[in-house]
>>> print(open('data_32.cif').read())   # mmCIF, C-alpha atoms
data_my_file
#
loop_
_atom_site.label_atom_id
_atom_site.label_comp_id
_atom_site.auth_asym_id
_atom_site.auth_seq_id
_atom_site.Cartn_x
_atom_site.Cartn_y
_atom_site.Cartn_z
CA MET A 1 31.83 -12.19 35.41
CA THR A 2 34.25 -9.26 35.48
CA LEU A 3 33.46 -5.55 35.52
CA ARG A 4 35.18 -3.63 32.71
CA ALA A 5 35.27 0.07 31.84
CA VAL A 6 33.85 0.03 28.31
CA VAL A 7 33.97 2.90 25.79
CA LYS A 8 30.43 4.10 25.11
CA GLY A 9 31.17 7.28 23.20
CA VAL A 10 34.02 9.36 21.80
CA GLY A 11 34.33 12.90 20.49
CA HIS A 12 36.77 15.71 19.86
CA TYR A 13 37.03 19.42 19.21
CA LEU A 14 39.60 21.53 17.38
CA PRO A 15 39.69 25.35 17.40
CA ASP A 16 38.75 27.04 14.14
CA ARG A 17 42.14 28.64 13.54
CA VAL A 18 44.44 26.39 11.49
CA VAL A 19 48.11 27.36 11.51
CA PRO A 20 50.19 25.85 8.67
CA ASN A 21 53.96 25.58 8.97
CA ALA A 22 54.45 28.44 6.55
CA GLU A 23 52.75 30.84 8.96
CA LEU A 24 55.28 30.02 11.67
CA SER A 25 58.18 30.81 9.34
CA ALA A 26 57.17 34.46 9.68
CA LEU A 27 57.77 34.27 13.46
CA VAL A 28 60.97 32.24 13.74
CA GLU A 29 63.74 31.02 11.45
CA THR A 30 62.13 27.86 10.15
CA SER A 31 60.41 26.40 7.10
CA ASP A 32 57.74 23.91 6.18
CA GLU A 33 60.41 21.43 5.08
CA TRP A 34 62.41 21.84 8.32
CA ILE A 35 59.35 21.20 10.50
CA ARG A 36 58.01 18.28 8.43
CA SER A 37 61.37 16.50 8.22
CA ARG A 38 61.93 16.66 11.99
CA SER A 39 58.41 16.12 13.31
CA GLY A 40 55.99 15.15 10.54
CA ILE A 41 53.81 18.12 11.49
CA GLU A 42 52.17 20.09 8.67
CA ARG A 43 49.64 22.20 10.56
CA ARG A 44 48.09 22.66 13.99
CA HIS A 45 45.10 24.45 15.55
CA PHE A 46 45.35 27.42 17.92
CA ALA A 47 42.65 28.56 20.32
CA ALA A 48 41.11 31.94 19.65
CA GLU A 49 41.73 34.92 21.88
CA GLY A 50 39.72 34.33 25.06
CA GLN A 51 39.07 30.67 24.23
CA THR A 52 40.11 28.53 27.20
CA THR A 53 40.98 24.90 27.85
CA SER A 54 37.62 24.36 29.56
CA ASP A 55 35.87 25.71 26.44
CA LEU A 56 37.64 23.17 24.24
CA ALA A 57 37.03 20.40 26.77
CA THR A 58 33.31 21.17 26.93
CA HIS A 59 32.90 20.92 23.15
CA ALA A 60 34.71 17.55 23.12
CA ALA A 61 32.64 16.32 26.06
CA GLU A 62 29.39 17.27 24.32
CA ALA A 63 30.50 15.38 21.19
CA ALA A 64 31.35 12.26 23.25
CA LEU A 65 28.01 12.41 25.07
CA ARG A 66 26.15 12.67 21.75
CA ASP A 67 28.07 9.69 20.41
CA ALA A 68 27.14 7.70 23.53
CA GLY A 69 23.49 8.77 23.38
CA LEU A 70 23.76 10.24 26.88
CA VAL A 71 23.36 13.59 28.62
CA ALA A 72 25.47 15.23 31.29
CA ALA A 73 23.13 14.07 34.06
CA ASP A 74 24.04 10.45 33.19
CA ILE A 75 27.70 11.07 34.15
CA ASP A 76 29.00 10.40 37.66
CA VAL A 77 32.54 11.78 37.33
CA ILE A 78 34.54 14.05 35.03
CA VAL A 79 38.29 13.47 34.89
CA LEU A 80 40.06 16.16 32.87
CA ALA A 81 43.71 15.60 31.92
CA THR A 82 45.39 18.96 31.28
CA SER A 83 48.49 21.01 31.99
CA THR A 84 46.86 24.24 30.83
CA ALA A 85 43.87 24.74 33.15
CA ASP A 86 42.11 28.08 32.81
CA LEU A 87 43.10 29.17 36.34
CA THR A 88 45.38 27.98 39.13
CA PHE A 89 42.12 26.95 40.79
CA PRO A 90 39.35 25.89 40.68
CA SER A 91 39.89 22.93 38.36
CA ALA A 92 38.99 23.23 34.71
CA ALA A 93 36.96 20.04 35.20
CA THR A 94 34.53 21.83 37.50
CA MET A 95 34.19 24.56 34.88
CA VAL A 96 33.31 21.90 32.30
CA GLN A 97 30.85 20.42 34.79
CA ALA A 98 29.11 23.80 35.05
CA LYS A 99 29.12 24.41 31.30
CA LEU A 100 27.53 21.01 30.72
CA GLY A 101 24.84 21.78 33.30
CA MET A 102 25.90 18.82 35.43
CA THR A 103 24.98 19.50 39.06
CA GLY A 104 25.58 16.03 40.48
CA GLY A 105 28.65 13.84 40.75
CA PHE A 106 32.16 15.27 40.98
CA ALA A 107 34.92 16.56 38.73
CA PHE A 108 38.66 17.05 38.99
CA ASP A 109 41.78 17.76 36.94
CA LEU A 110 44.71 15.40 36.52
CA GLN A 111 48.15 16.68 35.53
CA ALA A 112 50.74 14.37 33.98
CA VAL A 113 51.54 16.53 30.93
CA CYS A 114 51.58 14.50 27.68
CA ALA A 115 51.04 11.26 29.64
CA GLY A 116 47.95 12.78 31.21
CA TYR A 117 45.41 10.82 29.22
CA VAL A 118 46.77 7.35 29.99
CA TYR A 119 46.89 8.42 33.65
CA ALA A 120 43.30 9.70 33.42
CA LEU A 121 42.07 6.47 31.81
CA THR A 122 43.76 4.49 34.58
CA VAL A 123 42.13 6.60 37.30
CA ALA A 124 38.72 6.42 35.60
CA ASN A 125 39.07 2.66 35.30
CA SER A 126 39.86 2.42 39.02
CA LEU A 127 36.83 4.55 39.93
CA ILE A 128 34.56 2.24 37.92
CA LEU A 129 36.08 -1.02 39.16
CA GLY A 130 36.09 0.27 42.74
CA GLY A 131 32.39 1.11 42.63
CA SER A 132 32.75 4.90 42.98
CA ALA A 133 31.21 5.55 39.57
CA ARG A 134 29.27 3.83 36.83
CA ARG A 135 29.99 6.32 34.06
CA VAL A 136 33.07 8.54 33.77
CA LEU A 137 33.68 11.27 31.23
CA VAL A 138 37.44 11.24 30.55
CA ILE A 139 38.66 14.37 28.76
CA GLY A 140 42.06 15.50 27.51
CA ALA A 141 42.25 19.19 26.63
CA GLU A 142 45.09 21.66 26.14
CA THR A 143 45.88 25.20 24.98
CA PHE A 144 49.65 24.76 24.73
CA SER A 145 49.91 27.70 22.32
CA LYS A 146 49.73 29.88 25.46
CA LEU A 147 52.94 28.32 26.84
CA MET A 148 55.14 28.76 23.76
CA ASP A 149 58.34 30.79 23.58
CA TRP A 150 57.91 32.23 20.11
CA THR A 151 61.66 32.81 19.82
CA ASP A 152 62.50 29.11 20.26
CA ARG A 153 62.02 27.34 16.93
CA SER A 154 62.83 23.94 18.44
CA THR A 155 59.64 23.96 20.53
CA CYS A 156 57.14 26.53 19.27
CA VAL A 157 56.57 24.72 15.97
CA LEU A 158 55.63 21.42 17.65
CA PHE A 159 52.53 22.15 19.71
CA GLY A 160 48.86 22.79 19.08
CA ASP A 161 45.53 23.10 20.88
CA GLY A 162 42.58 20.72 21.00
CA ALA A 163 40.46 18.37 23.08
CA GLY A 164 39.13 14.83 22.99
CA ALA A 165 36.88 12.81 25.27
CA LEU A 166 35.64 9.29 25.98
CA VAL A 167 32.63 8.12 27.97
CA LEU A 168 33.49 5.00 29.96
CA GLU A 169 30.79 2.81 31.54
CA GLY A 170 31.09 -0.18 33.83
CA VAL A 171 29.80 -3.29 32.06
CA GLU A 172 29.94 -6.91 33.24
CA GLN A 173 32.06 -9.01 30.88
CA ALA A 174 33.24 -12.63 30.74
CA GLY A 175 36.61 -11.87 32.29
CA THR A 176 38.82 -12.82 29.33
CA SER A 177 41.11 -10.91 26.98
CA ASP A 178 38.23 -10.92 24.47
CA ASP A 179 36.26 -8.56 26.73
CA ARG A 180 35.49 -5.04 25.56
CA GLY A 181 36.83 -2.22 27.70
CA ILE A 182 40.07 -1.49 29.52
CA LEU A 183 42.01 -4.74 29.94
CA SER A 184 45.19 -3.44 31.59
CA THR A 185 47.19 -0.32 32.43
CA ASP A 186 50.83 0.42 33.16
CA LEU A 187 52.09 3.73 34.63
CA HIS A 188 55.53 5.09 35.55
CA SER A 189 57.31 8.31 36.47
CA ASP A 190 60.85 9.38 37.33
CA GLY A 191 61.29 12.88 38.73
CA GLN A 192 65.04 12.95 38.22
CA PHE A 193 64.37 13.81 34.57
CA LYS A 194 62.38 16.99 35.32
CA ASP A 195 64.78 19.28 33.46
CA LEU A 196 64.26 17.48 30.15
CA LEU A 197 60.74 18.88 29.68
CA TYR A 198 59.15 21.54 31.88
CA VAL A 199 57.58 24.99 32.06
CA ASP A 200 59.72 27.60 33.80
CA GLY A 201 56.80 29.22 35.62
CA GLY A 202 54.28 28.61 38.37
CA VAL A 203 53.40 29.86 41.84
CA SER A 204 57.08 29.78 42.87
CA THR A 205 57.98 32.25 40.10
CA GLY A 206 54.88 34.42 39.94
CA SER A 207 54.53 33.92 36.17
CA THR A 208 52.95 31.40 33.83
CA GLY A 209 56.30 30.63 32.21
CA LYS A 210 57.25 29.05 28.90
CA LEU A 211 57.84 25.48 27.79
CA ARG A 212 61.46 24.25 27.80
CA MET A 213 62.60 20.95 26.30
CA GLU A 214 65.78 18.98 25.67
CA GLY A 215 64.50 17.40 22.46
CA ARG A 216 67.19 14.80 21.82
CA GLU A 217 67.06 13.43 25.34
CA VAL A 218 63.26 13.33 25.34
CA PHE A 219 63.37 11.43 22.04
CA ARG A 220 65.79 8.84 23.45
CA HIS A 221 63.74 8.24 26.58
CA ALA A 222 60.46 8.21 24.63
CA VAL A 223 61.32 5.40 22.21
CA GLU A 224 62.74 3.17 24.92
CA LYS A 225 60.09 3.77 27.57
CA LEU A 226 57.04 3.74 25.29
CA ALA A 227 57.85 0.34 23.81
CA GLU A 228 58.58 -1.06 27.29
CA THR A 229 55.34 0.18 28.84
CA ALA A 230 53.26 -1.03 25.89
CA HIS A 231 54.73 -4.53 26.18
CA ALA A 232 54.23 -4.48 29.96
CA ALA A 233 50.54 -3.58 29.61
CA LEU A 234 50.05 -6.28 26.96
CA ASP A 235 51.73 -8.83 29.23
CA LYS A 236 49.35 -7.90 32.06
CA ALA A 237 46.41 -8.53 29.71
CA GLY A 238 47.85 -11.87 28.53
CA LEU A 239 48.31 -10.51 25.01
CA THR A 240 51.15 -9.76 22.59
CA ALA A 241 51.87 -7.17 19.92
CA ASP A 242 50.57 -9.65 17.32
CA ASP A 243 47.10 -9.35 18.89
CA VAL A 244 47.01 -5.56 18.50
CA ASP A 245 44.78 -4.06 15.81
CA TRP A 246 45.82 -0.45 16.42
CA ILE A 247 48.47 1.41 18.32
CA VAL A 248 47.08 4.86 19.19
CA PRO A 249 50.16 6.72 20.44
CA HIS A 250 50.67 10.14 21.89
CA GLN A 251 51.07 12.31 18.79
CA ALA A 252 54.30 14.14 19.58
CA ASN A 253 56.58 13.47 16.66
CA ILE A 254 56.32 11.09 13.70
CA ARG A 255 59.90 9.89 14.25
CA ILE A 256 59.09 8.83 17.82
CA ILE A 257 55.90 7.12 16.62
CA GLU A 258 57.76 5.24 13.87
CA ALA A 259 60.68 4.23 16.11
CA THR A 260 58.35 2.97 18.84
CA ALA A 261 56.28 0.95 16.37
CA LYS A 262 59.47 -0.56 14.95
CA ARG A 263 60.69 -1.52 18.41
CA MET A 264 57.30 -3.13 19.09
CA GLN A 265 57.47 -4.89 15.67
CA VAL A 266 54.15 -3.37 14.62
CA ALA A 267 53.74 -2.10 11.04
CA MET A 268 52.88 1.57 10.58
CA ASP A 269 49.64 0.62 8.81
CA ARG A 270 48.43 -0.49 12.26
CA VAL A 271 49.22 2.88 13.86
CA VAL A 272 46.71 5.74 14.04
CA VAL A 273 48.60 8.90 13.05
CA THR A 274 47.18 12.43 13.35
CA VAL A 275 50.31 14.42 14.25
CA GLN A 276 50.49 15.93 10.76
CA ASP A 277 47.20 17.76 11.30
CA HIS A 278 47.25 18.54 15.03
CA GLY A 279 50.85 18.78 16.16
CA ASN A 280 51.54 17.81 19.76
CA THR A 281 48.38 18.53 21.77
CA SER A 282 49.79 16.97 24.95
CA ALA A 283 47.06 15.25 27.02
CA ALA A 284 44.52 15.84 24.23
CA SER A 285 46.42 13.92 21.57
CA ILE A 286 45.33 10.35 22.39
CA PRO A 287 41.57 11.05 22.69
CA LEU A 288 41.80 13.23 19.58
CA ALA A 289 43.44 10.35 17.70
CA LEU A 290 40.86 7.88 19.03
CA SER A 291 38.00 10.07 17.85
CA VAL A 292 39.55 10.79 14.46
CA GLY A 293 40.48 7.11 14.07
CA LYS A 294 36.87 6.11 14.61
CA GLN A 295 35.67 8.88 12.30
CA ARG A 296 38.02 7.65 9.54
CA GLY A 297 36.66 4.12 9.88
CA GLN A 298 39.96 2.76 11.19
CA ILE A 299 38.87 1.89 14.74
CA LYS A 300 35.90 -0.47 14.95
CA GLN A 301 34.09 -2.21 17.78
CA GLY A 302 36.03 -5.24 18.95
CA ASP A 303 39.42 -3.89 17.86
CA LEU A 304 42.29 -4.26 20.35
CA LEU A 305 44.05 -0.94 20.98
CA VAL A 306 47.22 0.06 22.79
CA THR A 307 47.60 3.72 23.76
CA GLU A 308 50.95 4.94 25.09
CA ALA A 309 52.39 8.32 26.01
CA ILE A 310 55.32 10.05 27.70
CA GLY A 311 55.52 13.59 29.03
CA GLY A 312 57.19 15.93 31.47
CA GLY A 313 58.05 14.48 34.84
CA LEU A 314 59.13 12.29 33.20
CA ALA A 315 55.81 10.45 33.33
CA TRP A 316 54.81 7.67 30.98
CA GLY A 317 52.44 4.75 30.62
CA SER A 318 50.05 2.75 28.48
CA VAL A 319 46.55 1.34 28.38
CA VAL A 320 45.29 -1.77 26.58
CA LEU A 321 41.61 -1.66 25.70
CA ARG A 322 39.22 -3.40 23.39
CA TRP A 323 36.95 -0.96 21.57
#
>>> encode(input="data_32.cif", output="structure tokens")
Amino acid sequence: MTLRAVVKGVGHYLPDRVVPNAELSALVETSDEWIRSRSGIERRHFAAEGQTTSDLATHAAEAALRDAGLVAADIDVIVLATSTADLTFPSAATMVQAKLGMTGGFAFDLQAVCAGYVYALTVANSLILGGSARRVLVIGAETFSKLMDWTDRSTCVLFGDGAGALVLEGVEQAGTSDDRGILSTDLHSDGQFKDLLYVDGGVSTGSTGKLRMEGREVFRHAVEKLAETAHAALDKAGLTADDVDWIVPHQANIRIIEATAKRMQVAMDRVVVTVQDHGNTSAASIPLALSVGKQRGQIKQGDLLVTEAIGGGLAWGSVVLRW
């Protein structure tokens, strides 16, 4: 028998405020057609004034716990993937822990920008397989609207706010590729590409800063690296792209999603796409897409999924799991 980290529940949360492309055309020189043609994005959600990343994360966590039929006291660890924590410290994860009324276990943040959720799933999987936890609440949550330069039309139109969460539980399985749960992971980073995607603030500058991105270069690296990491994770699991029911990619840009699927030789009708409604929600985008995919009736128990993402660092990776 083999211990696997199996998905027991999933949930998400989106702020009430919906911002269509047309609204952004009043801020910068852009249009609905310009944004759609370059990114596939039609609308996104923005957090309300005073609404924090930990607030969004808590709502998503509560939804995932309800879906799993569990309460906060049943959770051993919270891993929160985010680049937009409420404060420099303490971690937003400990704030979620308090808001859920969870007084046991432990909680921490993980920062790998848009790749944060595949990193968080990998860490959660290791905690379960290593015996440090039985159940892990893995959250991705962001308020990227607070990092936007509203004079830069190439970036400010791309991002949105939201949160998604999974409950993972260690379950003994047969030890084959037919098992439910996380079957393999594959992570990478290369710090020499820092200047392609970063925020120009932090403790060294004394300000929060704004997001900066070299879009064309990020696109080039994304398509190449995402397909490679997905194939590597499938190889580790003894599977191929033909075995995949759904690719659930980081929802950054429809052109990246389409190009990666083409390179993997997977038809777009086997790709969960939510970018049109959410924009790029960084570490929240994969759990959001997983939750919406299940809600739509796309993702069903027993389906084989590949999630892949790339973000600032550059950091990238993928996870193969059976739902």
>>> residues_around(input="data_32.cif", residues="A:Ala133", least_positions_apart="3", cutoff="8 Å", atoms="all atoms listed in the file", output="PyMOL selection string")
chain A and resi 76-77+127-128+130+136
>>> write_last_selection(input="data_32.cif", atoms="C-alpha atoms", output="short mmCIF file (atom, residue, chain, number, x, y, z; two decimals), keeping the file's coordinate frame")
data_model
loop_
_atom_site.label_atom_id
_atom_site.label_comp_id
_atom_site.auth_asym_id
_atom_site.auth_seq_id
_atom_site.Cartn_x
_atom_site.Cartn_y
_atom_site.Cartn_z
CA ASP A 76 29.00 10.40 37.66
CA VAL A 77 32.54 11.78 37.33
CA LEU A 127 36.83 4.55 39.93
CA ILE A 128 34.56 2.24 37.92
CA GLY A 130 36.09 0.27 42.74
CA VAL A 136 33.07 8.54 33.77
#
>>> closest_atom_pairs(input="data_32.cif", of="stretch 249-275 of chain A", to="stretch 139-161 of chain A", cutoff="12 Å", atoms="only C-alpha atoms", output="JSON lines")
{"residue": "A:His250", "atom": "CA", "partner": "A:Gly140", "partner_atom": "CA", "distance": 11.6}
{"residue": "A:Gln251", "atom": "CA", "partner": "A:Phe159", "partner_atom": "CA", "distance": 10.0}
{"residue": "A:Ala252", "atom": "CA", "partner": "A:Leu158", "partner_atom": "CA", "distance": 7.6}
{"residue": "A:Asn253", "atom": "CA", "partner": "A:Leu158", "partner_atom": "CA", "distance": 8.1}
{"residue": "A:Ile254", "atom": "CA", "partner": "A:Leu158", "partner_atom": "CA", "distance": 11.1}
{"residue": "A:Thr274", "atom": "CA", "partner": "A:Gly160", "partner_atom": "CA", "distance": 12.0}
{"residue": "A:Val275", "atom": "CA", "partner": "A:Leu158", "partner_atom": "CA", "distance": 9.4}
>>> atom_distance(input="data_32.cif", atom1="atom CA of A:Thr82", atom2="atom CA of A:Val118")
11.8 Å
>>> residues_around(input="data_32.cif", residues="A:Val123", least_positions_apart="5", cutoff="12 Å", atoms="all atoms listed in the file", output="number ranges by chain")
A: 5, 77-81, 108-111, 116-118, 128-130, 132-133, 136-138, 168, 182, 184-187, 319
>>> atom_distance(input="data_32.cif", atom1="atom CA of A:Gly297", atom2="atom CA of A:Val320")
19.7 Å
>>> residues_around(input="data_32.cif", residues="A:Thr94", least_positions_apart="3", cutoff="7 Å", atoms="all atoms listed in the file", output="PDB file with C-alpha atoms, in the coordinates of the input")
ATOM      1  CA  SER A  91      39.890  22.930  38.360  1.00  0.00           C
ATOM      2  CA  GLN A  97      30.850  20.420  34.790  1.00  0.00           C
ATOM      3  CA  ALA A  98      29.110  23.800  35.050  1.00  0.00           C
ATOM      4  CA  ALA A 107      34.920  16.560  38.730  1.00  0.00           C
ATOM      5  CA  PHE A 108      38.660  17.050  38.990  1.00  0.00           C
TER       6      PHE A 108
END
>>> residues_around(input="data_32.cif", residues="A:Ala237", least_positions_apart="3", cutoff="12 Å", atoms="all atoms listed in the file", output="list of chain:residue names")
A:Gly175, A:Thr176, A:Ser177, A:Asp178, A:Asp179, A:Gly181, A:Ile182, A:Leu183, A:Ser184, A:Thr185, A:Asp186, A:Ala230, A:His231, A:Ala232, A:Ala233, A:Leu234, A:Thr240, A:Ala241, A:Asp243, A:Val244, A:Leu304, A:Leu305, A:Val306, A:Ser318, A:Val319, A:Val320, A:Leu321, A:Arg322
